[in-house]
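Read through the structure below, which is laid out as structure tokens, and then see the notes.
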Amino acid sequence: MTRTEWLLSEQPASRRQARLGQAYRTWLALKANRLAMVGLTLVLALIAVALLAPWIAPYDPIVGGDLRTDRLQPPSWEHPMGTDDLARDIFSRVIHGARLTLMVVVLVAVIATPIGLAIGTTAGYFGGWIDTVLMRATDIFLAFPRLILALAFVAALGPGIENAIIAIALTSWPPYARLARAETLTIRDSDFINAARLQGASSLRILWGHVTPLCLSSVVVRVTLDMAGIILTAAGLGFLGLGAQPPQPEWGAMIAGGRRFIIDYWWVATMPGLAIFAVSLGFNLLGDGLRDVLDPKARK
Amino acid sequence: MAGTPQIGRGRGRALSLWLWKGTKVALTVAVTFLGLLLVTFVISRYMSVDPVLRAVGDRASQSTYDAMYRAMGLDRPVWEQFWIYLRNVLSGDLGSSFLTKRPVADDLARVFPATLELATVGILIGTLFGIPLGVISAVKQGRAIDQVVRVLGLVGYSAPIFWLGLLGLLVFYARLGWVAGPGRIDIAHEYSFTVTTGLLLLDSAMQGAWGAFRNAFSHIILPGALLGYFSMAYISRMTRSFMLAELAQEYVTTARVKGVPEWRIVWVHALRNAAVPLVTVVALSYAGLLEGSVLTETVFAWPGLGLYLTNSLQVADMNAVLGGTLVIGAIFVALNLLSDLLYTILDPRTRRQVRP
């Protein structure tokens, strides 16, 4: 029996085999989707570039070259994306900017997912007035357009990439809470939950040990789908001067920097935009593919 | 004879149910709006900018500072401050702006028509292109045209709007000269007609100032098309999925068997049924355009709500920021409610559920 046969076996001998088989089938379905694979490649490229930035970037992202000779050079072999008004190599800055983008995405996911899970599972599990209060609060956050609320939070906290991350996280959790609540409602009255309750497990233990793990996978997929939106919001904040501050090579802020002289030196604002576009396209393609594979209703 | 009073009673019950539903909706909206106020209030209390220092300047003596602190009500308990804030907002007082030295409510009323005009042009373009494209890609599912529409949509979802705006200015304004640059209207045309509604296209057209109309049009077409493109991405995607669901229904098969021409089945029978949820989609993307306009207005120096908000943000003018946030939030809630109501009116099935 080959490894593939073992994985695709219709009669798995163990729980581990069944799980691995399921994962392998999901992977096969995803692999068959060419666009999703393009997306996966783009996302992996972002991670690789972010991790290896100092070794890939040919120049320093903060300290520029000679201001007399190297300013605003058009793209060439020496500077693949040209140089900006401070004689810095744009290619190196875009490469280092991948680190900031990855940091934003990861931190927002790490902050917003637990908030959404905690609020959603609590509301769904307890029901009653706790549910009403928590879901009203969620609706109120959903009532603001996301970028506007993030703008107001950043205005209060002060500009900077850390505050931008907090602001985006504070505006991203409501959909996750809704989803976690819906999932909790479907399993709240299951036998295994009742069994745990009869054994005297505390509510906290049931929520944390039994409900949350079951909600996790669908929330994680939803977070992946949201990544492109998070990147675009962060870039928007950076463009408005409220995210990363100069001289940090954040892509949105770089576009804002090149905006003043876009008509004469188009590459300064265009190149970082291409990077944002590529990365958020990658997350969108991957997210679409994941949804097609994991959502049984969409499958034919 | 016996039937008449029964119908009357039935109507009365339906009416009271409608009233009950209406009260519930009104209560939900009131609670949501109260929540919006609470959020903006909390943000304003925990901001990093000292409002007293902003008002008196950093050279004021301690006694002036203290007097202002008391005058602004900051020495009172927090719940009392919220109560005062609530009363002020409900009476239309959003405080005054540090930047323009005018009441924020007046400022917002002055800039709002510009945003409304831009968003309306955007949603018109988005709907006029989005719905036909969505229908065609549903009919030609999996064919080349479907892929093209899909890619167009994906680009719309993935590209930063401010970046596309800059590229648009670079290509269509600077290089090709097809459209006018940033701003709403050239200074030469500014006084060739009186501004009554604040919607320049409407005002100039009604007064026959066609030169000004053409000028305003060449200013609005690029940002409008950009916003339209982004809402088209969403509308065409939703139209496609609604149409696919409709075309799989049995009444479509029946119509085909009867020999109804295919174009009529698609554009009349199926699209009419898909139109009900589409109204919600269009209303929601209209609300979304108000948000997207923050970045677009910044790029195109469009003097609307978004530019006002970002200009205020640059100088940490909190009254203006929170006032703008609140107004946008309120519009968002209102449009959401409106789309729910339209849904009930357009779809007979949701109406029947209300009847006892």
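Letters A, B, ... go to the chains of the structure tokens in the order shown; residues in each chain start at 1; ligands are counted from 1 in the same order.
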
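Residues from chain B found within 7 Å of chain A are Thr32, Gly35, Leu36, Ile43, Ser44, Tyr46, Met47, Ser48, Ser158, Ala159, Pro160, Trp163, Leu170, Ala174, Glu291, Leu313, Ala316, Val321, Leu322, Thr325, Gly329, Phe332 and Val333 of chain B, counting only C-alpha atoms.
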
Could you give me, as a tab-separated table, a per-residue list for range 222-277 of chain A showing, wherever an atom lies at most 6 Å from an atom of range 74-97 of chain A, the closest pair of atoms and their distance in Å to one decimal, using only C-alpha atoms and sorting by chain then residue number from low to high?
residue	atom	partner	partner_atom	distance
A:Pro249	CA	A:Gly97	CA	5.0
A:Glu250	CA	A:Gly97	CA	5.0
A:Val268	CA	A:Asp84	CA	5.8

Keeping only N, CA, C and O atoms, write the selected residues as a short mmCIF file (atom, residue, chain, number, x, y, z; two decimals), in the first residue's frame.
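Written out: again_28.cif:
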data_model
loop_
_atom_site.label_atom_id
_atom_site.label_comp_id
_atom_site.auth_asym_id
_atom_site.auth_seq_id
_atom_site.Cartn_x
_atom_site.Cartn_y
_atom_site.Cartn_z
N PRO A 249 9.70 51.80 6.21
CA PRO A 249 9.31 51.54 4.81
C PRO A 249 7.94 50.86 4.70
O PRO A 249 7.83 49.77 4.15
N GLU A 250 6.90 51.50 5.22
CA GLU A 250 5.56 50.91 5.09
C GLU A 250 5.01 51.28 3.73
O GLU A 250 5.15 52.42 3.28
N VAL A 268 7.95 56.13 -7.94
CA VAL A 268 8.07 56.20 -6.48
C VAL A 268 6.76 55.75 -5.81
O VAL A 268 6.77 55.02 -4.82
#

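In this structure, CA of Pro303 in chain B sits 7.2 Å away from CA of Gly183 in chain B.
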
Shell around range 261-271 of chain B at 12 Å using only C-alpha atoms, local window under 5 positions removed, as number ranges by chain: B: 131-132, 134-140, 239-256, 276-279

Could you pull out the alpha helix (DSSP H) residues of range 23-155 of chain A, going by DSSP on the backbone, and write them as a PyMOL selection string? chain A and resi 23-32+34-51+53-56+90-126+128-143+146-155

Residues within 12 Å of Trp27 in chain A, please, as number ranges by chain. Count only C-alpha atoms; anything in the same chain fewer than 4 positions from it doesn't count. A: 7-8, 20-23, 31-33, 36-37, 40, 289-290, 292-294

Could you please take those selected residues and save all heavy atoms as a compact mmCIF listing (two decimals), in the first residue's frame?
# COMPACT_ATOMS: atom_id res chain seq x y z
N LEU A 7 -3.56 7.23 2.71
CA LEU A 7 -4.22 8.49 3.05
C LEU A 7 -5.66 8.52 2.54
O LEU A 7 -6.56 9.03 3.20
CB LEU A 7 -3.45 9.67 2.45
CG LEU A 7 -2.22 10.12 3.24
CD1 LEU A 7 -1.39 11.07 2.41
CD2 LEU A 7 -2.62 10.77 4.55
N LEU A 8 -5.87 7.99 1.32
CA LEU A 8 -7.19 8.10 0.70
C LEU A 8 -8.07 6.89 1.00
O LEU A 8 -9.14 6.76 0.43
CB LEU A 8 -7.03 8.26 -0.82
CG LEU A 8 -6.41 9.59 -1.24
CD1 LEU A 8 -6.24 9.64 -2.75
CD2 LEU A 8 -7.26 10.76 -0.77
N LEU A 20 -5.75 12.74 8.82
CA LEU A 20 -4.73 13.04 7.81
C LEU A 20 -5.32 12.89 6.42
O LEU A 20 -5.04 13.68 5.52
CB LEU A 20 -3.53 12.12 7.98
CG LEU A 20 -2.61 12.47 9.15
CD1 LEU A 20 -1.53 11.40 9.30
CD2 LEU A 20 -1.97 13.83 8.96
N GLY A 21 -6.17 11.87 6.25
CA GLY A 21 -6.81 11.65 4.96
C GLY A 21 -7.69 12.82 4.56
O GLY A 21 -7.66 13.30 3.43
N GLN A 22 -8.44 13.31 5.55
CA GLN A 22 -9.31 14.46 5.29
C GLN A 22 -8.47 15.67 4.87
O GLN A 22 -8.77 16.36 3.90
CB GLN A 22 -10.11 14.78 6.56
CG GLN A 22 -11.21 15.77 6.35
CD GLN A 22 -12.20 15.32 5.29
OE1 GLN A 22 -12.57 14.15 5.24
NE2 GLN A 22 -12.59 16.23 4.43
N ALA A 23 -7.38 15.89 5.62
CA ALA A 23 -6.50 17.03 5.31
C ALA A 23 -5.91 16.87 3.92
O ALA A 23 -5.83 17.84 3.15
CB ALA A 23 -5.39 17.14 6.35
N LYS A 31 -5.23 22.02 -4.45
CA LYS A 31 -4.17 21.98 -5.46
C LYS A 31 -4.75 22.00 -6.86
O LYS A 31 -4.13 22.52 -7.79
CB LYS A 31 -3.32 20.72 -5.25
CG LYS A 31 -1.84 20.96 -5.47
CD LYS A 31 -1.02 19.76 -5.06
CE LYS A 31 -1.02 18.71 -6.12
NZ LYS A 31 -0.11 17.59 -5.79
N ALA A 32 -5.95 21.45 -7.00
CA ALA A 32 -6.57 21.42 -8.32
C ALA A 32 -7.01 22.81 -8.75
O ALA A 32 -7.22 23.05 -9.93
CB ALA A 32 -7.77 20.47 -8.30
N ASN A 33 -7.16 23.72 -7.77
CA ASN A 33 -7.59 25.09 -8.08
C ASN A 33 -6.35 25.93 -8.40
O ASN A 33 -5.60 26.31 -7.51
CB ASN A 33 -8.35 25.63 -6.87
CG ASN A 33 -8.95 26.98 -7.14
OD1 ASN A 33 -8.51 27.70 -8.03
ND2 ASN A 33 -9.95 27.34 -6.35
N ALA A 36 -6.04 29.36 -6.70
CA ALA A 36 -5.72 29.27 -5.28
C ALA A 36 -4.24 29.00 -5.08
O ALA A 36 -3.61 29.52 -4.15
CB ALA A 36 -6.56 28.18 -4.62
N MET A 37 -3.65 28.19 -5.97
CA MET A 37 -2.22 27.91 -5.85
C MET A 37 -1.39 29.17 -6.13
O MET A 37 -0.36 29.39 -5.50
CB MET A 37 -1.81 26.78 -6.81
CG MET A 37 -2.36 25.42 -6.43
SD MET A 37 -2.41 25.12 -4.65
CE MET A 37 -0.70 24.76 -4.36
N LEU A 40 -1.56 31.03 -2.96
CA LEU A 40 -0.69 30.43 -1.95
C LEU A 40 0.77 30.81 -2.20
O LEU A 40 1.51 31.16 -1.27
CB LEU A 40 -0.86 28.91 -1.96
CG LEU A 40 -0.10 28.15 -0.87
CD1 LEU A 40 -0.66 28.52 0.48
CD2 LEU A 40 -0.20 26.65 -1.09
N GLY A 289 -10.19 30.14 -2.69
CA GLY A 289 -9.95 28.71 -2.87
C GLY A 289 -10.29 27.92 -1.63
O GLY A 289 -10.96 26.89 -1.70
N LEU A 290 -9.84 28.43 -0.47
CA LEU A 290 -10.11 27.75 0.80
C LEU A 290 -11.61 27.64 1.04
O LEU A 290 -12.11 26.61 1.49
CB LEU A 290 -9.48 28.52 1.95
CG LEU A 290 -8.04 28.20 2.30
CD1 LEU A 290 -7.58 29.04 3.48
CD2 LEU A 290 -7.91 26.72 2.65
N ASP A 292 -14.01 27.64 -1.21
CA ASP A 292 -14.59 26.65 -2.12
C ASP A 292 -14.37 25.24 -1.61
O ASP A 292 -15.25 24.39 -1.70
CB ASP A 292 -13.96 26.79 -3.52
CG ASP A 292 -14.48 28.02 -4.23
OD1 ASP A 292 -15.42 28.63 -3.70
OD2 ASP A 292 -13.93 28.37 -5.29
N VAL A 293 -13.17 24.98 -1.06
CA VAL A 293 -12.84 23.63 -0.63
C VAL A 293 -13.55 23.28 0.68
O VAL A 293 -14.06 22.18 0.85
CB VAL A 293 -11.31 23.51 -0.45
CG1 VAL A 293 -10.97 22.19 0.21
CG2 VAL A 293 -10.63 23.62 -1.79
N LEU A 294 -13.59 24.25 1.61
CA LEU A 294 -14.09 23.93 2.95
C LEU A 294 -15.59 24.11 3.10
O LEU A 294 -16.18 23.60 4.04
CB LEU A 294 -13.37 24.80 3.98
CG LEU A 294 -11.87 24.53 4.08
CD1 LEU A 294 -11.21 25.52 5.01
CD2 LEU A 294 -11.63 23.12 4.57

Non-local contacts of range 187-193 of chain B (7 Å; only C-alpha atoms; under 5 positions in same chain excluded) as a ChimeraX atom specification: /B:204,207,209,212

Could you please take those selected residues and save all heavy atoms as a short mmCIF file (atom, residue, chain, number, x, y, z; two decimals), in the first residue's frame?
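Produced file selection.cif, reproduced below:
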data_model
loop_
_atom_site.label_atom_id
_atom_site.label_comp_id
_atom_site.auth_asym_id
_atom_site.auth_seq_id
_atom_site.Cartn_x
_atom_site.Cartn_y
_atom_site.Cartn_z
N SER B 204 -25.80 73.23 -11.87
CA SER B 204 -25.40 73.86 -13.13
C SER B 204 -26.34 73.45 -14.25
O SER B 204 -26.68 74.26 -15.11
CB SER B 204 -23.96 73.50 -13.45
OG SER B 204 -23.82 72.11 -13.54
N GLN B 207 -29.63 75.37 -14.11
CA GLN B 207 -29.55 76.78 -14.48
C GLN B 207 -29.00 76.97 -15.89
O GLN B 207 -28.68 78.09 -16.30
CB GLN B 207 -28.68 77.53 -13.46
CG GLN B 207 -29.36 77.63 -12.11
CD GLN B 207 -28.38 77.95 -11.01
OE1 GLN B 207 -27.41 78.66 -11.24
NE2 GLN B 207 -28.62 77.43 -9.83
N ALA B 209 -26.14 76.33 -17.07
CA ALA B 209 -24.73 76.72 -17.18
C ALA B 209 -23.94 75.52 -17.69
O ALA B 209 -23.27 74.82 -16.93
CB ALA B 209 -24.20 77.19 -15.81
N ALA B 212 -20.11 75.14 -17.11
CA ALA B 212 -19.79 74.70 -15.75
C ALA B 212 -20.12 73.23 -15.57
O ALA B 212 -19.39 72.48 -14.92
CB ALA B 212 -20.56 75.54 -14.74
#

Residue nearest Gly130 in chain B - candidates B:Arg102, B:Arg87, B:Arg237, B:Arg272, atoms counted: only C-alpha atoms: B:Arg237

Residues within 7 Å of range 218-223 of chain A, please, as number ranges by chain. Count only C-alpha atoms; anything in the same chain fewer than 2 positions from it doesn't count. A: 109, 176, 179-180, 215-216, 225-227

Between CA of Gly306 in chain B and CA of Met232 in chain B, what distance in Å does the model show, to one decimal?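 Between these atoms lies a distance of 20.9 Å.
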
May I have the residues within 10 Å of Val52 in chain B as a ChimeraX atom specification, using only C-alpha atoms and disregarding those fewer than 6 positions away in the same chain? /B:58,64-72,74

Selected residues, all heavy atoms, written as an mmCIF file, in the first residue's frame, please.
data_model
loop_
_atom_site.group_PDB
_atom_site.id
_atom_site.type_symbol
_atom_site.label_atom_id
_atom_site.label_comp_id
_atom_site.auth_asym_id
_atom_site.auth_seq_id
_atom_site.Cartn_x
_atom_site.Cartn_y
_atom_site.Cartn_z
ATOM 1 N N ASP B 58 -0.686 76.580 24.894
ATOM 2 C CA ASP B 58 0.265 76.094 25.896
ATOM 3 C C ASP B 58 0.921 77.222 26.696
ATOM 4 O O ASP B 58 1.760 76.973 27.554
ATOM 5 C CB ASP B 58 1.330 75.202 25.252
ATOM 6 C CG ASP B 58 1.962 75.851 24.051
ATOM 7 O OD1 ASP B 58 1.645 77.036 23.800
ATOM 8 O OD2 ASP B 58 2.758 75.187 23.361
ATOM 9 N N THR B 64 -6.138 79.862 34.225
ATOM 10 C CA THR B 64 -6.919 79.847 32.977
ATOM 11 C C THR B 64 -7.244 78.423 32.581
ATOM 12 O O THR B 64 -8.367 78.087 32.195
ATOM 13 C CB THR B 64 -6.118 80.505 31.830
ATOM 14 O OG1 THR B 64 -5.430 81.630 32.333
ATOM 15 C CG2 THR B 64 -7.003 80.873 30.689
ATOM 16 N N TYR B 65 -6.209 77.559 32.709
ATOM 17 C CA TYR B 65 -6.368 76.150 32.365
ATOM 18 C C TYR B 65 -7.476 75.532 33.216
ATOM 19 O O TYR B 65 -8.370 74.865 32.708
ATOM 20 C CB TYR B 65 -5.040 75.431 32.602
ATOM 21 C CG TYR B 65 -5.057 73.965 32.237
ATOM 22 C CD1 TYR B 65 -4.654 73.552 30.971
ATOM 23 C CD2 TYR B 65 -5.462 73.002 33.152
ATOM 24 C CE1 TYR B 65 -4.653 72.223 30.635
ATOM 25 C CE2 TYR B 65 -5.472 71.662 32.818
ATOM 26 C CZ TYR B 65 -5.063 71.273 31.552
ATOM 27 O OH TYR B 65 -5.084 69.946 31.219
ATOM 28 N N ASP B 66 -7.418 75.809 34.542
ATOM 29 C CA ASP B 66 -8.410 75.233 35.450
ATOM 30 C C ASP B 66 -9.811 75.731 35.118
ATOM 31 O O ASP B 66 -10.774 74.971 35.138
ATOM 32 C CB ASP B 66 -8.064 75.567 36.902
ATOM 33 C CG ASP B 66 -6.822 74.814 37.342
ATOM 34 O OD1 ASP B 66 -6.488 73.824 36.676
ATOM 35 O OD2 ASP B 66 -6.181 75.241 38.317
ATOM 36 N N ALA B 67 -9.905 77.039 34.810
ATOM 37 C CA ALA B 67 -11.210 77.615 34.487
ATOM 38 C C ALA B 67 -11.796 76.935 33.251
ATOM 39 O O ALA B 67 -12.987 76.578 33.208
ATOM 40 C CB ALA B 67 -11.076 79.108 34.257
ATOM 41 N N MET B 68 -10.933 76.727 32.224
ATOM 42 C CA MET B 68 -11.388 76.088 30.991
ATOM 43 C C MET B 68 -11.782 74.638 31.265
ATOM 44 O O MET B 68 -12.776 74.139 30.726
ATOM 45 C CB MET B 68 -10.259 76.138 29.955
ATOM 46 C CG MET B 68 -10.731 75.863 28.549
ATOM 47 S SD MET B 68 -12.061 76.991 28.105
ATOM 48 C CE MET B 68 -12.247 76.667 26.397
ATOM 49 N N TYR B 69 -10.984 73.983 32.120
ATOM 50 C CA TYR B 69 -11.253 72.590 32.487
ATOM 51 C C TYR B 69 -12.660 72.457 33.054
ATOM 52 O O TYR B 69 -13.422 71.561 32.693
ATOM 53 C CB TYR B 69 -10.215 72.169 33.535
ATOM 54 C CG TYR B 69 -10.206 70.696 33.861
ATOM 55 C CD1 TYR B 69 -9.547 69.799 33.031
ATOM 56 C CD2 TYR B 69 -10.833 70.217 35.003
ATOM 57 C CE1 TYR B 69 -9.519 68.463 33.329
ATOM 58 C CE2 TYR B 69 -10.815 68.865 35.310
ATOM 59 C CZ TYR B 69 -10.150 67.989 34.472
ATOM 60 O OH TYR B 69 -10.130 66.653 34.767
ATOM 61 N N ARG B 70 -13.001 73.427 33.936
ATOM 62 C CA ARG B 70 -14.342 73.405 34.533
ATOM 63 C C ARG B 70 -15.402 73.782 33.496
ATOM 64 O O ARG B 70 -16.465 73.185 33.435
ATOM 65 C CB ARG B 70 -14.404 74.336 35.747
ATOM 66 C CG ARG B 70 -13.924 73.676 37.032
ATOM 67 C CD ARG B 70 -14.266 74.531 38.242
ATOM 68 N NE ARG B 70 -13.650 75.857 38.172
ATOM 69 C CZ ARG B 70 -12.385 76.093 38.530
ATOM 70 N NH1 ARG B 70 -11.621 75.120 38.982
ATOM 71 N NH2 ARG B 70 -11.885 77.304 38.439
ATOM 72 N N ALA B 71 -15.067 74.786 32.664
ATOM 73 C CA ALA B 71 -16.041 75.245 31.669
ATOM 74 C C ALA B 71 -16.394 74.128 30.690
ATOM 75 O O ALA B 71 -17.518 74.031 30.201
ATOM 76 C CB ALA B 71 -15.485 76.445 30.914
ATOM 77 N N MET B 72 -15.422 73.256 30.401
ATOM 78 C CA MET B 72 -15.692 72.160 29.481
ATOM 79 C C MET B 72 -16.386 71.003 30.179
ATOM 80 O O MET B 72 -16.690 69.987 29.544
ATOM 81 C CB MET B 72 -14.386 71.680 28.839
ATOM 82 C CG MET B 72 -13.778 72.705 27.907
ATOM 83 S SD MET B 72 -12.170 72.176 27.306
ATOM 84 C CE MET B 72 -12.573 71.752 25.634
ATOM 85 N N LEU B 74 -15.188 68.986 32.448
ATOM 86 C CA LEU B 74 -14.354 67.791 32.638
ATOM 87 C C LEU B 74 -14.201 67.409 34.110
ATOM 88 O O LEU B 74 -13.685 66.352 34.433
ATOM 89 C CB LEU B 74 -12.970 68.010 32.013
ATOM 90 C CG LEU B 74 -12.983 68.114 30.490
ATOM 91 C CD1 LEU B 74 -11.641 68.545 29.963
ATOM 92 C CD2 LEU B 74 -13.385 66.790 29.873
#

Residue nearest Ser96 in chain B - candidates B:Thr197, B:Phe230, B:Ala55, B:Tyr157, atoms counted: only C-alpha atoms: B:Ala55
